[in-house]
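Report on one structure; see the data block that follows.
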Amino acid sequence: MSDHTLQIELENIGGIERKEISIPAGATFIQGPNAANKSSFLKGLLFALGGRSVPIRSGADEARVQLSVGDRQVERVAKRTTAGIETNGEAWVTDSDDATLLKRFAGLLETNSLRSAVTRNDDVESLLKEPINIEALEAERSTKISRKRELTDEIESTSDIDTRLDNTEQELTDKRDRLDELESTLETLYAKQETTDTDDTLQELREERADLRSDEADCDSQIEQLEAAVDRLEQRTTGIGENLEDAREAVEETDVETLKAERENARSELDEVRERLDVLQSALTTNREMLNSEFTGVLGRDSGLMGDEVTCWTCGRSSPVDDIEETVTELTELVEADKRRKRDREPEIEELTEQIEQVQRSESEIQRLETEKRDVEQKLESRRDSLEEQRERRQSIREQLDELDDEIAEQAADQRSERSELTDEIEETRVEIQTLRREIERLEETCESLRDKRIALQQKREVVDELSEEITALTDRIENLENELKTVFNDTMDDLLDVLEFDRIERVWLDGKFELVIAREVDGQVRSDSIEHLAESEREMIGLVLALAGFITYDVDEVTPVLVLDSLGAFDAERTRRLVDYFADETEYLLATVHPESTVDTAFETITFEPPV
């Protein structure tokens, strides 16, 4: 795209009726006097790139701008309607977040929010960090931390699964070996039985009794497992109930509505302090500028009968310098007092927000625990019902066994020979074999279930590892973005102080709290100072560099090919040239407005605007 020329057509924008301009790649000066529609042109250009509004020419119903570079072309139209201004057409930048980057860091007009904030000595942290979206990143990190904590608790509760699986598999192996041994023994016993006459009726009764005894053993095993399950579920229910009670106490002890009201009051007071600060700082700046004025006579300092006097350029009255200095001192004290109130209120609001969020987390925990408690109670009820059924079944089996024992006793009363002893041994062996087969089947199911749980446990561990990496990445991203923004600004500001030669300013930088810190030379000594004490050109320079640091940090050149610098009246021609030269390599097209009396560098392209006739 570096070989392409940017073509722009404008109709009915600001004071422009119709205009076509070709802009080559690189830096271009837009030169012209006041009211030559330089700013209207830049606003139309920004509207085509993705700005939200554009001034429609007086008397016209709609404004149109067309922008093309190479094969790409966009066109946007703004129309007056009964409901307001309606915009149509697709801009160069379509994503809303990218449009914010364009407005904040590439469209550096006089009304740019960062430039205005520095001029008024307002907080710049929120404006600089908004594209990082710290709150969204923090919320995402908090969600991942909560999920990791839940998974970690689940992993810890099943951490013995490998031991349980090993023990179950060993038990299964032992029982299979025992089954093989018993089946071999049973074959031997049957072989012996073939040589002995057997009473068919007695044999059938014994086989029936063997089946019932196997059923009884199975009932005993299931009852034992169900009793253990009931004990575990009862303990779990008790634990959940205790946690639920703690969570409810945490919620009941805190009045959320009161906290919200306190936070709202604190925010209102903070807003009042900020508004008062704006007024006081404006008044302080005005009085300082009158004191520092280099003019004399009706618009500045003069010598009177009572000593040096200053003439106010707004009301035209004269006041002694001492009175103005006293006013400056009083205003400075008021400003510092309000700044202290502002610093005191901000942590209080953060603390109240944390308390509210803690209660909200407890409320979510209550809902989760109540759901878990209902699930556990349902399982407990189901296990108790199953336990009762098994006990009733075992009682029925025992009653049947008692009846069979009586019948067998009658049939075997006269058969106490070797044959009956062999039959008893066969019966015992068959009972044990049937019991073993059922236990083996149950153990096989248990092993399969434990293997599935082990796979799920490993998957949870992998998810925890992924979450840990994501949490670390989010933490690093938040810190790195903030540090990069401060580093780029501080490095750029150090370079520009040398390039633009503001001799009275030693250094300007963002500290760890994203507050602007200034070091300047006063009476031969380097001292820290406030932004409101700087000259207009110095504040203009800092505001521009702050926005341009964001342009570099957030790679805004990948979003928009154009960087716009307007209202550079605070800079002389040489400093304007140096500023443009410094940032020319950071973007494909750089446009800067200058007045016709400025002698601009011929190395840069210059487009001249003439005032309308």
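Numbering starts fresh at 1 for the residues of each chain in the structure tokens, the chains themselves are lettered A, B, ... in the order given, and ligands are numbered from 1 as they appear.
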Go through range 366-444 of chain A and flag each residue having an atom no more than 9 Å from range 227-245 of chain A; for those, report the closest pair of atoms plus their distance in Å to one decimal, using only C-alpha atoms, ordered by chain and rising number, as a tab-separated table.
```
residue	atom	partner	partner_atom	distance
A:Ile366	CA	A:Leu244	CA	6.0
A:Leu369	CA	A:Leu244	CA	6.2
A:Glu370	CA	A:Leu244	CA	7.4
A:Glu372	CA	A:Ile240	CA	7.9
A:Lys373	CA	A:Thr237	CA	6.3
A:Val376	CA	A:Leu233	CA	6.6
A:Glu377	CA	A:Thr237	CA	7.1
A:Lys379	CA	A:Leu233	CA	7.8
A:Leu380	CA	A:Leu233	CA	6.0
A:Glu381	CA	A:Val230	CA	8.7
A:Arg383	CA	A:Val230	CA	6.3
A:Arg384	CA	A:Val230	CA	6.8
A:Leu387	CA	A:Glu227	CA	7.1
```
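Atom pair CA of Glu272 in chain A / CA of Arg120 in chain A: separated by 15.8 Å.
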CA of Leu127 in chain A sits from CA of Asp557 in chain A at a separation of 18.7 Å
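Non-sequential neighbours of Asp71 in chain A (distance at most 12 Å, separation of 4 or more positions within a chain, only C-alpha atoms) are Met1, His4, Thr5, Leu6, Gln7 and Leu67 of chain A.
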Task: For Arg72 in chain A, the nearest of the candidates A:Ala91, A:Ala60, A:Cys219, A:Leu172, counting only C-alpha atoms - done: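 Looking only at the distances to Arg72 in chain A, the closest residue turns out to be A:Ala91.
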Counting only C-alpha atoms, which residues of range 362-481 of chain A sit at most 7 Å from some atom of range 154-164 of chain A, and what is each one's closest atom pair with its distance in Å to one decimal, listed by chain and rising residue number, as a tab-separated table?
```
residue	atom	partner	partner_atom	distance
A:Leu450	CA	A:Ile161	CA	6.9
A:Arg454	CA	A:Ile161	CA	6.6
A:Leu457	CA	A:Ile155	CA	6.4
```
Please report as CSV every residue of range 416-513 of chain A lying within 7 Å of range 204-214 of chain A, along with the nearest atom pair and their distance in Å (one decimal), using only C-alpha atoms.
```
residue,atom,partner,partner_atom,distance
A:Glu427,CA,A:Ala210,CA,5.9
A:Arg430,CA,A:Ala210,CA,6.7
A:Val431,CA,A:Ala210,CA,5.1
A:Gln434,CA,A:Ser214,CA,6.1
A:Thr435,CA,A:Ser214,CA,5.2
```
So that I can see what lies close to Glu425 in chain A, please list as an mmCIF file with N, CA, C and O atoms, in the first residue's frame the residues with an atom at most 8 Å from it, counting only C-alpha atoms and leaving out residues fewer than 4 positions away in the same chain.
```
data_model
loop_
_atom_site.group_PDB
_atom_site.id
_atom_site.type_symbol
_atom_site.label_atom_id
_atom_site.label_comp_id
_atom_site.auth_asym_id
_atom_site.auth_seq_id
_atom_site.Cartn_x
_atom_site.Cartn_y
_atom_site.Cartn_z
ATOM 1 N N LEU A 189 -15.061 -83.327 42.990
ATOM 2 C CA LEU A 189 -16.144 -83.804 43.850
ATOM 3 C C LEU A 189 -17.245 -84.462 43.036
ATOM 4 O O LEU A 189 -17.824 -85.495 43.450
ATOM 5 N N GLU A 421 -21.883 -86.481 53.288
ATOM 6 C CA GLU A 421 -20.775 -85.563 53.544
ATOM 7 C C GLU A 421 -20.222 -85.013 52.228
ATOM 8 O O GLU A 421 -19.889 -83.834 52.113
ATOM 9 N N THR A 429 -19.141 -75.888 48.103
ATOM 10 C CA THR A 429 -18.290 -75.427 47.001
ATOM 11 C C THR A 429 -19.102 -74.657 45.973
ATOM 12 O O THR A 429 -18.679 -73.597 45.468
#
```
Excluding Val526 in chain A and any residue of its chain fewer than 3 positions from it, enumerate the residues within 10 Å of it, using only C-alpha atoms, and give them as a compact mmCIF listing (two decimals) with C-alpha atoms, in the first residue's frame.
```txt
# COMPACT_ATOMS: atom_id res chain seq x y z
CA ARG A 504 12.49 24.16 31.17
CA ILE A 505 11.16 20.59 31.34
CA GLU A 506 13.70 18.03 32.49
CA ARG A 507 11.44 15.01 32.28
CA ILE A 518 6.83 16.37 35.77
CA ALA A 519 10.37 17.41 36.65
CA ARG A 520 11.32 20.93 35.58
CA GLU A 521 14.02 23.46 36.31
CA VAL A 522 12.98 26.26 38.69
CA ASP A 523 15.55 28.82 39.81
CA ASP A 529 5.69 20.20 39.45
```
Exercise for review: Pick out the residues sitting within 12 Å of Ala25 in chain A, and hand them over as a VMD selection string; count only C-alpha atoms, and ignore anything fewer than 5 positions along from it in its own chain.
Suggested key: chain A and resid 1 to 7 69 to 70 561 to 563 584 to 591 604 to 605
* Asked: Arg52 in chain A: which residues within 9 Å, counting only C-alpha atoms, same-chain residues fewer than 3 positions away excluded, as number ranges by chain?
  -> A: 46-47, 87, 99, 103
Query raised in the report: Could you pull out all residues of range 49-264 of chain A with a DSSP call of strand (DSSP E or B) and give them as a list in words?
Result: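 Secondary structure check on range 49-264 of chain A, strand (DSSP E or B): Ile56, Glu62, Ala63, Arg64, Val65, Gln66, Leu67, Ser68, Val69, Arg72, Gln73, Val74, Glu75, Arg76, Val77, Ala78, Lys79, Arg80, Thr81, Gly84, Ile85, Glu86, Thr87, Asn88, Gly107 and Leu108 of chain A.
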Expected file: the selected residues, C-alpha atoms, as a PDB file, in the first residue's frame:
```pdb
ATOM      1  CA  ILE A  56     -23.187  18.542   7.791  1.00  0.00           C
ATOM      2  CA  GLU A  62     -26.758  15.251   3.706  1.00  0.00           C
ATOM      3  CA  ALA A  63     -22.958  14.993   3.761  1.00  0.00           C
ATOM      4  CA  ARG A  64     -20.960  12.437   1.792  1.00  0.00           C
ATOM      5  CA  VAL A  65     -17.343  11.313   1.855  1.00  0.00           C
ATOM      6  CA  GLN A  66     -15.616   8.740  -0.344  1.00  0.00           C
ATOM      7  CA  LEU A  67     -12.196   7.290   0.460  1.00  0.00           C
ATOM      8  CA  SER A  68     -10.157   5.025  -1.802  1.00  0.00           C
ATOM      9  CA  VAL A  69      -6.674   3.519  -1.732  1.00  0.00           C
ATOM     10  CA  ARG A  72     -10.276  -0.580  -1.853  1.00  0.00           C
ATOM     11  CA  GLN A  73     -12.995   2.066  -1.627  1.00  0.00           C
ATOM     12  CA  VAL A  74     -15.453   3.087   1.087  1.00  0.00           C
ATOM     13  CA  GLU A  75     -18.262   5.638   1.077  1.00  0.00           C
ATOM     14  CA  ARG A  76     -20.293   7.039   3.984  1.00  0.00           C
ATOM     15  CA  VAL A  77     -23.279   9.364   4.051  1.00  0.00           C
ATOM     16  CA  ALA A  78     -24.782  11.360   6.928  1.00  0.00           C
ATOM     17  CA  LYS A  79     -28.404  12.542   6.483  1.00  0.00           C
ATOM     18  CA  ARG A  80     -30.605  14.872   8.470  1.00  0.00           C
ATOM     19  CA  THR A  81     -33.854  13.184   9.550  1.00  0.00           C
ATOM     20  CA  GLY A  84     -31.627  13.232  14.110  1.00  0.00           C
ATOM     21  CA  ILE A  85     -28.567  12.442  11.997  1.00  0.00           C
ATOM     22  CA  GLU A  86     -28.613   9.057  10.249  1.00  0.00           C
ATOM     23  CA  THR A  87     -25.408   7.519   8.844  1.00  0.00           C
ATOM     24  CA  ASN A  88     -25.182   4.973   6.029  1.00  0.00           C
ATOM     25  CA  GLY A 107      -7.727  11.199  15.271  1.00  0.00           C
ATOM     26  CA  LEU A 108      -5.763  13.756  17.295  1.00  0.00           C
TER      27      LEU A 108
END
```
* Asked: Can you list, as a PyMOL selection string, every residue of range 7-211 of chain A that DSSP puts in alpha helix (DSSP H)?
  -> chain A and resi 38-49+96-101+113-120+125-129+134-157+161-193+200-211
* To do: May I ask for the distance between CA of Arg394 in chain A and CA of Ala409 in chain A, given in Å to one decimal place?
  =>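 Interatomic distance, CA of Arg394 in chain A to CA of Ala409 in chain A: 21.9 Å.
Residue nearest Lys38 in chain A within the list A:Thr119, A:Thr152, A:Gln395, A:Thr608: A:Thr608 [criterion: smallest interatomic distance, only C-alpha atoms].
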Across A:Val499, A:Ile440, A:Cys447, A:Ile145, the smallest distance to Asp174 in chain A, with only C-alpha atoms counted, is shown by A:Ile440
Pick the closest to Tyr190 in chain A from A:Val54, A:Val564, A:Leu422, A:Ile478: which is it, counting only C-alpha atoms?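 The closest residue to Tyr190 in chain A is A:Leu422.
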